[in-house]
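Colleague: Contents of my_file_25.txt (compact mmCIF, N, CA and C atoms):
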# COMPACT_ATOMS: atom_id res chain seq x y z
N MET A 1 -8.03 15.37 31.38
CA MET A 1 -8.51 14.71 30.18
C MET A 1 -8.49 13.20 30.42
N ALA A 2 -9.60 12.55 30.11
CA ALA A 2 -9.72 11.11 30.32
C ALA A 2 -8.97 10.35 29.23
N LYS A 3 -8.35 9.27 29.62
CA LYS A 3 -7.61 8.44 28.67
C LYS A 3 -8.61 7.56 27.92
N LEU A 4 -8.51 7.54 26.58
CA LEU A 4 -9.40 6.73 25.76
C LEU A 4 -8.84 5.32 25.61
N SER A 5 -9.74 4.35 25.66
CA SER A 5 -9.31 2.97 25.46
C SER A 5 -9.13 2.71 23.97
N GLN A 6 -8.52 1.59 23.65
CA GLN A 6 -8.31 1.23 22.25
C GLN A 6 -9.65 1.10 21.53
N ASP A 7 -10.66 0.53 22.19
CA ASP A 7 -11.98 0.39 21.59
C ASP A 7 -12.61 1.76 21.31
N ASP A 8 -12.42 2.71 22.24
CA ASP A 8 -12.95 4.07 22.04
C ASP A 8 -12.29 4.74 20.85
N LEU A 9 -10.98 4.56 20.72
CA LEU A 9 -10.26 5.16 19.59
C LEU A 9 -10.72 4.54 18.28
N LEU A 10 -10.87 3.21 18.25
CA LEU A 10 -11.33 2.55 17.04
C LEU A 10 -12.73 3.01 16.65
N ALA A 11 -13.58 3.24 17.64
CA ALA A 11 -14.93 3.74 17.36
C ALA A 11 -14.86 5.13 16.74
N GLN A 12 -13.93 5.96 17.22
CA GLN A 12 -13.76 7.30 16.65
C GLN A 12 -13.26 7.22 15.21
N PHE A 13 -12.29 6.35 14.96
CA PHE A 13 -11.73 6.20 13.60
C PHE A 13 -12.78 5.64 12.65
N GLU A 14 -13.67 4.80 13.16
CA GLU A 14 -14.69 4.18 12.34
C GLU A 14 -15.63 5.22 11.74
N ASP A 15 -15.84 6.32 12.46
CA ASP A 15 -16.74 7.37 11.99
C ASP A 15 -16.08 8.34 11.02
N MET A 16 -14.75 8.24 10.85
CA MET A 16 -14.02 9.17 9.98
C MET A 16 -14.12 8.74 8.52
N THR A 17 -14.05 9.74 7.64
CA THR A 17 -13.93 9.43 6.22
C THR A 17 -12.47 9.09 5.94
N LEU A 18 -12.20 8.53 4.76
CA LEU A 18 -10.82 8.19 4.42
C LEU A 18 -9.94 9.43 4.35
N ILE A 19 -10.47 10.52 3.90
CA ILE A 19 -9.69 11.76 3.82
C ILE A 19 -9.34 12.25 5.22
N GLU A 20 -10.32 12.21 6.13
CA GLU A 20 -10.06 12.63 7.50
C GLU A 20 -9.03 11.71 8.17
N LEU A 21 -9.16 10.41 7.92
CA LEU A 21 -8.23 9.45 8.50
C LEU A 21 -6.83 9.64 7.95
N SER A 22 -6.73 9.91 6.65
CA SER A 22 -5.43 10.17 6.03
C SER A 22 -4.78 11.41 6.64
N ALA A 23 -5.56 12.46 6.84
CA ALA A 23 -5.05 13.69 7.45
C ALA A 23 -4.59 13.42 8.88
N PHE A 24 -5.34 12.59 9.61
CA PHE A 24 -4.94 12.24 10.97
C PHE A 24 -3.61 11.49 10.98
N VAL A 25 -3.47 10.52 10.08
CA VAL A 25 -2.23 9.74 10.02
C VAL A 25 -1.04 10.65 9.73
N LYS A 26 -1.20 11.59 8.80
CA LYS A 26 -0.11 12.52 8.48
C LYS A 26 0.23 13.38 9.69
N ALA A 27 -0.78 13.88 10.39
CA ALA A 27 -0.54 14.69 11.58
C ALA A 27 0.14 13.87 12.67
N PHE A 28 -0.26 12.61 12.83
CA PHE A 28 0.34 11.72 13.81
C PHE A 28 1.81 11.48 13.48
N GLU A 29 2.09 11.23 12.18
CA GLU A 29 3.47 11.01 11.75
C GLU A 29 4.34 12.23 12.03
N GLU A 30 3.81 13.42 11.77
CA GLU A 30 4.58 14.64 12.01
C GLU A 30 4.79 14.88 13.50
N LYS A 31 3.74 14.70 14.28
CA LYS A 31 3.80 14.97 15.72
C LYS A 31 4.82 14.06 16.42
N PHE A 32 4.82 12.77 16.06
CA PHE A 32 5.66 11.80 16.75
C PHE A 32 6.89 11.39 15.94
N ASP A 33 7.09 12.00 14.78
CA ASP A 33 8.24 11.75 13.92
C ASP A 33 8.40 10.25 13.62
N VAL A 34 7.28 9.66 13.15
CA VAL A 34 7.26 8.24 12.78
C VAL A 34 6.66 8.10 11.39
N THR A 35 6.72 6.89 10.85
CA THR A 35 6.12 6.61 9.55
C THR A 35 5.23 5.40 9.68
N ALA A 36 4.00 5.51 9.19
CA ALA A 36 3.07 4.39 9.20
C ALA A 36 3.22 3.64 7.89
N ALA A 37 4.09 2.64 7.87
CA ALA A 37 4.36 1.86 6.66
C ALA A 37 3.59 0.55 6.72
N ALA A 38 3.29 0.01 5.56
CA ALA A 38 2.59 -1.27 5.49
C ALA A 38 3.50 -2.38 6.00
N ALA A 39 2.91 -3.38 6.59
CA ALA A 39 3.67 -4.52 7.10
C ALA A 39 4.24 -5.32 5.94
N ALA A 40 5.39 -5.92 6.17
CA ALA A 40 6.02 -6.74 5.13
C ALA A 40 5.18 -7.98 4.87
N PRO A 41 5.11 -8.42 3.63
CA PRO A 41 4.30 -9.61 3.33
C PRO A 41 4.93 -10.87 3.90
N VAL A 42 4.08 -11.80 4.27
CA VAL A 42 4.53 -13.08 4.79
C VAL A 42 4.35 -14.11 3.70
N VAL A 43 5.42 -14.84 3.37
CA VAL A 43 5.37 -15.84 2.33
C VAL A 43 5.22 -17.21 2.98
N VAL A 44 4.18 -17.93 2.55
CA VAL A 44 3.92 -19.26 3.10
C VAL A 44 4.12 -20.26 1.97
N ALA A 45 5.00 -21.23 2.20
CA ALA A 45 5.26 -22.26 1.19
C ALA A 45 4.37 -23.45 1.46
N GLY A 46 3.90 -24.08 0.39
CA GLY A 46 3.08 -25.28 0.56
C GLY A 46 2.27 -25.53 -0.69
N GLY A 47 1.89 -26.77 -0.89
CA GLY A 47 1.11 -27.14 -2.06
C GLY A 47 -0.36 -27.20 -1.73
N ALA A 48 -1.17 -27.23 -2.78
CA ALA A 48 -2.62 -27.33 -2.59
C ALA A 48 -2.97 -28.79 -2.31
N ALA A 49 -3.76 -29.01 -1.29
CA ALA A 49 -4.18 -30.35 -0.94
C ALA A 49 -5.43 -30.71 -1.74
N GLY A 50 -5.54 -31.94 -2.16
CA GLY A 50 -6.75 -32.38 -2.84
C GLY A 50 -6.61 -32.41 -4.34
N GLY A 51 -5.70 -31.72 -4.91
CA GLY A 51 -5.46 -31.74 -6.35
C GLY A 51 -6.69 -31.44 -7.16
N ASP A 52 -7.23 -32.47 -7.89
CA ASP A 52 -8.38 -32.29 -8.77
C ASP A 52 -9.66 -32.02 -8.00
N ALA A 53 -9.74 -32.45 -6.78
CA ALA A 53 -10.95 -32.27 -5.99
C ALA A 53 -11.16 -30.82 -5.58
N ALA A 54 -10.09 -30.04 -5.55
CA ALA A 54 -10.21 -28.64 -5.13
C ALA A 54 -10.83 -27.83 -6.26
N ALA A 55 -11.83 -27.06 -5.93
CA ALA A 55 -12.49 -26.21 -6.92
C ALA A 55 -11.62 -24.98 -7.17
N VAL A 56 -11.53 -24.58 -8.42
CA VAL A 56 -10.74 -23.41 -8.78
C VAL A 56 -11.61 -22.17 -8.59
N GLU A 57 -11.19 -21.29 -7.70
CA GLU A 57 -11.94 -20.08 -7.45
C GLU A 57 -11.39 -18.94 -8.29
N GLU A 58 -12.29 -18.04 -8.67
CA GLU A 58 -11.85 -16.87 -9.42
C GLU A 58 -11.09 -15.94 -8.48
N GLN A 59 -9.97 -15.45 -8.95
CA GLN A 59 -9.13 -14.58 -8.12
C GLN A 59 -9.80 -13.22 -8.00
N ASP A 60 -9.94 -12.73 -6.75
CA ASP A 60 -10.55 -11.42 -6.54
C ASP A 60 -9.60 -10.45 -5.84
N GLU A 61 -8.42 -10.91 -5.48
CA GLU A 61 -7.41 -10.05 -4.87
C GLU A 61 -6.13 -10.15 -5.68
N PHE A 62 -5.55 -9.00 -5.98
CA PHE A 62 -4.38 -8.96 -6.84
C PHE A 62 -3.26 -8.18 -6.15
N ASP A 63 -2.03 -8.53 -6.51
CA ASP A 63 -0.85 -7.82 -6.04
C ASP A 63 -0.22 -7.10 -7.22
N VAL A 64 0.19 -5.86 -7.00
CA VAL A 64 0.89 -5.09 -8.03
C VAL A 64 2.37 -5.10 -7.65
N ILE A 65 3.19 -5.76 -8.47
CA ILE A 65 4.61 -5.93 -8.20
C ILE A 65 5.42 -5.04 -9.13
N LEU A 66 6.24 -4.17 -8.54
CA LEU A 66 7.14 -3.32 -9.31
C LEU A 66 8.38 -4.15 -9.63
N THR A 67 8.63 -4.39 -10.94
CA THR A 67 9.77 -5.23 -11.32
C THR A 67 10.95 -4.42 -11.82
N GLY A 68 10.74 -3.14 -12.13
CA GLY A 68 11.85 -2.30 -12.58
C GLY A 68 11.41 -0.85 -12.64
N ALA A 69 12.34 0.07 -12.35
CA ALA A 69 12.01 1.49 -12.32
C ALA A 69 12.11 2.15 -13.68
N GLY A 70 12.87 1.58 -14.59
CA GLY A 70 13.04 2.19 -15.90
C GLY A 70 13.94 3.41 -15.84
N ASP A 71 13.84 4.26 -16.87
CA ASP A 71 14.70 5.44 -16.98
C ASP A 71 14.23 6.62 -16.13
N LYS A 72 12.93 6.65 -15.81
CA LYS A 72 12.35 7.79 -15.08
C LYS A 72 12.08 7.41 -13.63
N LYS A 73 13.14 7.15 -12.90
CA LYS A 73 13.03 6.66 -11.52
C LYS A 73 12.29 7.65 -10.61
N ILE A 74 12.54 8.94 -10.79
CA ILE A 74 11.90 9.95 -9.93
C ILE A 74 10.39 9.95 -10.16
N GLN A 75 9.97 9.82 -11.42
CA GLN A 75 8.54 9.77 -11.72
C GLN A 75 7.89 8.52 -11.10
N VAL A 76 8.61 7.41 -11.14
CA VAL A 76 8.09 6.17 -10.56
C VAL A 76 7.95 6.33 -9.04
N ILE A 77 8.91 6.96 -8.40
CA ILE A 77 8.83 7.20 -6.95
C ILE A 77 7.61 8.06 -6.63
N LYS A 78 7.36 9.07 -7.44
CA LYS A 78 6.18 9.94 -7.23
C LYS A 78 4.89 9.13 -7.33
N VAL A 79 4.81 8.26 -8.32
CA VAL A 79 3.60 7.45 -8.49
C VAL A 79 3.44 6.48 -7.33
N VAL A 80 4.54 5.88 -6.88
CA VAL A 80 4.48 4.96 -5.73
C VAL A 80 3.96 5.71 -4.50
N ARG A 81 4.42 6.93 -4.30
CA ARG A 81 3.94 7.72 -3.15
C ARG A 81 2.45 8.04 -3.29
N GLU A 82 1.98 8.29 -4.52
CA GLU A 82 0.56 8.56 -4.74
C GLU A 82 -0.30 7.33 -4.46
N LEU A 83 0.21 6.16 -4.81
CA LEU A 83 -0.55 4.92 -4.66
C LEU A 83 -0.55 4.40 -3.23
N THR A 84 0.48 4.75 -2.47
CA THR A 84 0.62 4.23 -1.11
C THR A 84 0.69 5.40 -0.13
N SER A 85 0.81 5.09 1.12
CA SER A 85 0.98 6.13 2.14
C SER A 85 2.44 6.22 2.57
N LEU A 86 3.34 5.78 1.70
CA LEU A 86 4.76 5.78 2.04
C LEU A 86 5.35 7.18 1.94
N GLY A 87 6.33 7.44 2.77
CA GLY A 87 7.08 8.68 2.69
C GLY A 87 8.10 8.60 1.57
N LEU A 88 8.81 9.69 1.35
CA LEU A 88 9.77 9.76 0.26
C LEU A 88 10.86 8.69 0.38
N LYS A 89 11.45 8.55 1.56
CA LYS A 89 12.52 7.58 1.75
C LYS A 89 12.03 6.15 1.53
N GLU A 90 10.86 5.83 2.08
CA GLU A 90 10.32 4.48 1.96
C GLU A 90 9.98 4.16 0.50
N ALA A 91 9.40 5.14 -0.21
CA ALA A 91 9.06 4.94 -1.62
C ALA A 91 10.33 4.75 -2.45
N LYS A 92 11.37 5.53 -2.15
CA LYS A 92 12.64 5.40 -2.87
C LYS A 92 13.25 4.03 -2.60
N ASP A 93 13.23 3.58 -1.34
CA ASP A 93 13.76 2.26 -0.99
C ASP A 93 12.99 1.15 -1.71
N LEU A 94 11.67 1.29 -1.82
CA LEU A 94 10.86 0.30 -2.52
C LEU A 94 11.26 0.24 -3.99
N VAL A 95 11.41 1.41 -4.62
CA VAL A 95 11.78 1.45 -6.04
C VAL A 95 13.19 0.92 -6.24
N ASP A 96 14.10 1.25 -5.34
CA ASP A 96 15.49 0.77 -5.46
C ASP A 96 15.59 -0.74 -5.24
N GLY A 97 14.70 -1.33 -4.46
CA GLY A 97 14.78 -2.75 -4.11
C GLY A 97 13.90 -3.65 -4.96
N THR A 98 13.64 -3.26 -6.19
CA THR A 98 12.75 -4.07 -7.04
C THR A 98 13.34 -5.45 -7.28
N PRO A 99 12.57 -6.47 -7.45
CA PRO A 99 11.11 -6.49 -7.49
C PRO A 99 10.50 -6.45 -6.09
N LYS A 100 9.52 -5.59 -5.92
CA LYS A 100 8.82 -5.42 -4.64
C LYS A 100 7.34 -5.19 -4.89
N PRO A 101 6.47 -5.66 -3.99
CA PRO A 101 5.04 -5.36 -4.14
C PRO A 101 4.76 -3.90 -3.76
N VAL A 102 3.99 -3.23 -4.60
CA VAL A 102 3.57 -1.85 -4.31
C VAL A 102 2.22 -1.90 -3.60
N LEU A 103 1.30 -2.67 -4.13
CA LEU A 103 -0.01 -2.87 -3.52
C LEU A 103 -0.27 -4.36 -3.40
N GLU A 104 -0.92 -4.77 -2.32
CA GLU A 104 -1.22 -6.17 -2.11
C GLU A 104 -2.69 -6.34 -1.78
N LYS A 105 -3.25 -7.43 -2.32
CA LYS A 105 -4.64 -7.81 -2.04
C LYS A 105 -5.61 -6.68 -2.33
N VAL A 106 -5.54 -6.14 -3.55
CA VAL A 106 -6.46 -5.10 -3.97
C VAL A 106 -7.38 -5.65 -5.05
N ALA A 107 -8.47 -4.96 -5.30
CA ALA A 107 -9.41 -5.37 -6.33
C ALA A 107 -8.77 -5.28 -7.71
N LYS A 108 -9.34 -6.01 -8.65
CA LYS A 108 -8.78 -6.08 -10.00
C LYS A 108 -8.69 -4.70 -10.64
N ASP A 109 -9.76 -3.89 -10.55
CA ASP A 109 -9.73 -2.58 -11.20
C ASP A 109 -8.69 -1.66 -10.56
N ALA A 110 -8.54 -1.72 -9.24
CA ALA A 110 -7.53 -0.91 -8.56
C ALA A 110 -6.12 -1.35 -8.96
N ALA A 111 -5.93 -2.66 -9.09
CA ALA A 111 -4.62 -3.18 -9.50
C ALA A 111 -4.29 -2.75 -10.92
N GLU A 112 -5.29 -2.79 -11.81
CA GLU A 112 -5.05 -2.38 -13.20
C GLU A 112 -4.74 -0.89 -13.30
N LYS A 113 -5.46 -0.07 -12.53
CA LYS A 113 -5.21 1.38 -12.54
C LYS A 113 -3.81 1.69 -12.03
N ALA A 114 -3.42 1.01 -10.94
CA ALA A 114 -2.09 1.22 -10.37
C ALA A 114 -1.01 0.79 -11.35
N ALA A 115 -1.21 -0.34 -12.01
CA ALA A 115 -0.23 -0.84 -12.98
C ALA A 115 -0.11 0.14 -14.15
N GLU A 116 -1.22 0.66 -14.63
CA GLU A 116 -1.18 1.64 -15.73
C GLU A 116 -0.46 2.91 -15.32
N ALA A 117 -0.71 3.38 -14.09
CA ALA A 117 -0.04 4.59 -13.60
C ALA A 117 1.47 4.37 -13.52
N LEU A 118 1.88 3.22 -13.03
CA LEU A 118 3.31 2.92 -12.92
C LEU A 118 3.94 2.76 -14.30
N LYS A 119 3.24 2.08 -15.21
CA LYS A 119 3.75 1.93 -16.57
C LYS A 119 3.85 3.27 -17.27
N GLY A 120 2.89 4.15 -17.00
CA GLY A 120 2.92 5.50 -17.58
C GLY A 120 4.11 6.30 -17.11
N ALA A 121 4.60 6.00 -15.91
CA ALA A 121 5.78 6.68 -15.37
C ALA A 121 7.09 6.03 -15.86
N GLY A 122 6.97 4.92 -16.59
CA GLY A 122 8.17 4.29 -17.14
C GLY A 122 8.60 3.03 -16.41
N ALA A 123 7.83 2.55 -15.46
CA ALA A 123 8.21 1.37 -14.69
C ALA A 123 7.74 0.10 -15.39
N SER A 124 8.35 -1.02 -15.03
CA SER A 124 7.83 -2.31 -15.48
C SER A 124 7.12 -2.95 -14.28
N VAL A 125 5.93 -3.50 -14.55
CA VAL A 125 5.03 -3.93 -13.49
C VAL A 125 4.43 -5.28 -13.83
N GLU A 126 4.18 -6.09 -12.80
CA GLU A 126 3.43 -7.35 -12.92
C GLU A 126 2.21 -7.27 -12.02
N VAL A 127 1.10 -7.82 -12.48
CA VAL A 127 -0.08 -7.94 -11.65
C VAL A 127 -0.32 -9.42 -11.46
N LYS A 128 -0.29 -9.86 -10.20
CA LYS A 128 -0.47 -11.28 -9.90
C LYS A 128 -1.72 -11.45 -9.07
Re-express the file's structure as structure tokens.

Modeller:
Amino acid sequence: MAKLSQDDLLAQFEDMTLIELSAFVKAFEEKFDVTAAAAAPVVVAGGAAGGDAAAVEEQDEFDVILTGAGDKKIQVIKVVRELTSLGLKEAKDLVDGTPKPVLEKVAKDAAEKAAEALKGAGASVEVK
């Protein structure tokens, strides 16, 4: 069997649907006993240069921040797992370590849907 290059693999993944890719990731995690978790956010400190001269752009990317689990922690963990590709342990750690971002840089409608789902499970949520 010929070894595929990284470019060949990316070309194969490019042709997959999201459902097929999700199934592949789950199979990969099971086969190699690993978890594909999102990278931790990088915080950059600094002020805006130019002050009044800088044009204010409309925000098109939003972060959904879990600020509290509420009384129904198990339900919140289930919703976090539905919204992300996190495993049970990672989702529990995220809920236990609030405030933490659940989703980052998503569209406004996706952020609102995620916030409503989390609020429906009893969590307190911020959308930034």

Colleague: Fewer than 2 positions away in the same chain doesn't count, so skip those; otherwise give me all residues within 8 Å of segment 120-127 of chain A, counting all atoms listed in the file, as a list in words.

Modeller: Phe62, Asp63, Val64, Ile65, Leu66, Thr67, Gly68, Ala69, Gly70, Asp71, Lys72, Lys73, Ile74, Gln75, Val76, Ile77, Val79, Ala111, Glu112, Ala114, Ala115, Glu116, Ala117 and Leu118 of chain A

Colleague: Between atom CA of Ala110 of chain A and atom CA of Ala23 of chain A, what distance in Å does the model show, to one decimal?

Modeller: 21.8 Å

Colleague: Run DSSP on the backbone and grab whatever in chain A lands in strand (DSSP E or B); send it over as a ChimeraX atom specification.

Modeller: /A:62-68,100-106,124-127

Colleague: Taking all atoms listed in the file into account, which of A:Lys78, A:Phe28, A:Met16, A:Asp60 comes nearest Lys92 of chain A?

Modeller: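 Checking each of A:Lys78, A:Phe28, A:Met16, A:Asp60 against Lys92 of chain A, counting all atoms listed in the file, the winner is A:Lys78.
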